[in-house]
Amino acid sequence: MSQRDTIQEQYPYPESPYPGGPYQGAYQEAPYQDAPYPQAPYADDDYQEAFYPEYDEEQPRQKAKRRSVDAWMAQKSTTLPRFKRRSIALFFLRLPAFVPWFFILRGWLSLNAKDVLTLSEADVLGTGGEAAFLIAVSITPLITLTGARWYAPLRRWYGIFFALIGISDGTTAAITTSFSGGVFGRLAGHTFLVTGFLIVLIAVPILLTANTPAQRKLGTYWKKLQKLTYLIWGMVVLHLALLDGFHPFDGPQGDGDPVFHQRFYQILAISLPLVLLRLPPVRSWITDKRAAGQQWKVWCTVAPMAALYLLAFAFIINEEIFTGLQIMTLNPPAN
Amino acid sequence: MSALSGAQAPQRNITGLLLIAMGSVVAAVLVILAVPYYAGSSARIAGLYTNVAGPADRILAADIQAYTVNRLRNLAAAKSDLSNEVQAETAFDSQLGTITFPPAPDPHADQLTTADAKRIKLIKLQLQVKSLRKLRALDSQVQAASAAVDAQVKIMRADLGLPAVSGGLY
């Protein structure tokens, strides 16, 4: 995880945290008072130049262009003048995190009528949690690609919701699923269940420390703790590999596209660009191209990976909506 | 970039370019392969249907043939044949329900299952009779129900691009 992901930001900074570094000029150019989001409560909400050293290496024209996006989003909305554009955009971008609970609600309220939770809760909450996690880990590569940072708070938001959805998934599964062995069997009766349970357990300390006071109190340990996210990522891949294996999803039946519905393939397709875009040489190359005014080369190069990412994500969303509607209508699959 | 020496910086950038290019080539190949795969989904759905219909047809053909003979002289054997028919048709309906059809054939699949259920209900009535004469009396109703199933199968197979059924029910 990069410094940008985890560093504790505290306003006001009396001086640049990189004394003698190449960011002095930038720091003076964009002092704290001019930063777009001086009131932001969380570190993720702020992205002062000093915390993104690679971006300070850009040419002034590029920097101005990038800043214009963030600065535009920081302005008050013309239609809703009480709110900043960024706040409105983030409000709507945060809403999808509630979708898994929206779908599962009728199953919960009906106390597992027609065994909808027994048959489909993992499909809805598991897939929803997976989607939230993948969105959370997609924010940093997206910042790397675009240079815009106004959506950085979504990383924390979807990370928190991943953990909360995971906990609700584990709790519901412990009560309603049909695996033998009681609560323990339902949570850890198979290898894929063990990995799923471990994911939730590891997510708990990250969830509990996903706030600014904990960040301040833990100091440098906070960053190390947050690196458990990568362990979770590996565990999610393992969980889906054990769940589906290399066989087409749902046996010989389905909708004629079994490979697209294979959860293990989906997460591999999504993880490929996300991992690559985290590698320091790749980030450096992208930053260099942007600094040289050749952003189009970056987009052309990542386009196939973006297409693969979107394709895989489309089928995750398809799964969520398809199984979610089955629960909402109390019409579970006959598996 | 500024933190690196002049010799290191280009090397690092080439590594970055190579890494991202490799990832993109792999992604491009997968996306290109996905296009013909997706285009073949309707053929795979038709294949799923024939995989379910074929075995059911074979079982039903044998049972119907045996019933045609036994309905004239052996009540117990005729009932056994009908019971096997019910099992085969119930299994077919159940397997049909696990296939996710595209929007066009999906309602027709439901109608086929409904028509089949009516036929199964009539055959179950035949299973309750105590004489061959009463058994045969219900045959005309079963045949009418079979005609309804045939009509739905014809629509279903047309939706899936399959040829009309020959020699079987489904």
# chains A, B, ... in the order shown; residues from 1 in each chain; ligands from 1
call {"tool": "closest_atom_pairs", "arguments": {"of": "chain A", "to": "chain B", "cutoff": "7 Å", "atoms": "only C-alpha atoms", "output": "CSV"}}
result
residue,atom,partner,partner_atom,distance
A:Gln253,CA,B:Ile99,CA,5.4
A:Gly254,CA,B:Ile99,CA,5.1
A:Asp255,CA,B:Thr100,CA,4.5
A:Gly256,CA,B:Ser41,CA,4.5
A:Asp257,CA,B:Ser41,CA,5.8
A:Leu276,CA,B:Ile20,CA,6.6
A:Pro281,CA,B:Gly16,CA,4.2
A:Val282,CA,B:Gly16,CA,3.9
A:Ser284,CA,B:Asn13,CA,6.6
A:Trp285,CA,B:Asn13,CA,5.0
A:Thr301,CA,B:Ala21,CA,6.5
A:Val302,CA,B:Ser24,CA,6.1
A:Pro304,CA,B:Ala28,CA,4.9
A:Met305,CA,B:Ala27,CA,5.1
A:Leu308,CA,B:Ala27,CA,6.0
call {"tool": "write_last_selection", "arguments": {"atoms": "C-alpha atoms", "output": "PDB file, in the first residue's frame"}}
result
ATOM      1  CA  GLN A 253     -26.755 -25.466 -16.589  1.00  0.00           C
ATOM      2  CA  GLY A 254     -26.892 -21.708 -16.666  1.00  0.00           C
ATOM      3  CA  ASP A 255     -27.553 -19.100 -19.268  1.00  0.00           C
ATOM      4  CA  GLY A 256     -25.129 -20.280 -21.932  1.00  0.00           C
ATOM      5  CA  ASP A 257     -22.224 -18.182 -20.625  1.00  0.00           C
ATOM      6  CA  LEU A 276      -0.368  -4.104 -12.201  1.00  0.00           C
ATOM      7  CA  PRO A 281       7.475   0.910 -12.210  1.00  0.00           C
ATOM      8  CA  VAL A 282       4.017   1.000 -13.772  1.00  0.00           C
ATOM      9  CA  SER A 284       6.124   5.718 -12.490  1.00  0.00           C
ATOM     10  CA  TRP A 285       5.589   5.151 -16.210  1.00  0.00           C
ATOM     11  CA  THR A 301      -2.196   0.940 -23.096  1.00  0.00           C
ATOM     12  CA  VAL A 302      -4.632   0.225 -20.282  1.00  0.00           C
ATOM     13  CA  PRO A 304      -7.719  -3.753 -22.939  1.00  0.00           C
ATOM     14  CA  MET A 305      -7.296  -4.235 -19.195  1.00  0.00           C
ATOM     15  CA  LEU A 308     -11.572  -6.929 -19.190  1.00  0.00           C
TER      16      LEU A 308
END
call {"tool": "select_by_dssp", "arguments": {"residues": "range 53-139 of chain B", "states": "helix (DSSP H, G or I)", "output": "VMD selection string"}}
result
chain B and resid 53 to 70 75 to 97 106 to 128 132 to 137 139
call {"tool": "residues_around", "arguments": {"residues": "Arg119 in chain B", "least_positions_apart": "4", "cutoff": "10 Å", "atoms": "only C-alpha atoms", "output": "PyMOL selection string"}}
result
chain B and resi 86+89+113-115+123-125+141-149
call {"tool": "write_last_selection", "arguments": {"atoms": "C-alpha atoms", "output": "CSV table (one decimal), in the first residue's frame"}}
result
chain,number,residue,atom,x,y,z
B,86,VAL,CA,-44.4,-39.4,-14.9
B,89,GLU,CA,-41.5,-35.9,-17.4
B,113,THR,CA,-43.7,-26.8,-18.0
B,114,THR,CA,-47.3,-25.8,-17.3
B,115,ALA,CA,-48.6,-27.9,-20.2
B,123,ILE,CA,-51.5,-39.6,-16.1
B,124,LYS,CA,-51.6,-39.6,-12.3
B,125,LEU,CA,-55.4,-39.9,-12.6
B,141,GLN,CA,-57.7,-36.6,-22.5
B,142,VAL,CA,-54.0,-37.5,-22.1
B,143,GLN,CA,-53.6,-37.2,-25.9
B,144,ALA,CA,-55.2,-33.8,-25.9
B,145,ALA,CA,-52.8,-32.7,-23.2
B,146,SER,CA,-49.9,-34.2,-25.2
B,147,ALA,CA,-51.0,-32.1,-28.2
B,148,ALA,CA,-50.7,-29.0,-26.0
B,149,VAL,CA,-47.3,-30.1,-24.9
call {"tool": "atom_distance", "arguments": {"atom1": "CA of Gly129 in chain A", "atom2": "CA of Ala203 in chain A"}}
result
11.4 Å
call {"tool": "atom_distance", "arguments": {"atom1": "CA of Leu132 in chain B", "atom2": "CA of Phe92 in chain B"}}
result
27.6 Å
call {"tool": "atom_distance", "arguments": {"atom1": "CA of Gln75 in chain A", "atom2": "CA of Leu154 in chain A"}}
result
18.8 Å
call {"tool": "closest_residue", "arguments": {"among": "A:Val200, A:Ile165, A:Val298, A:Val194", "to": "Gly126 in chain A", "atoms": "only C-alpha atoms"}}
result
A:Ile165
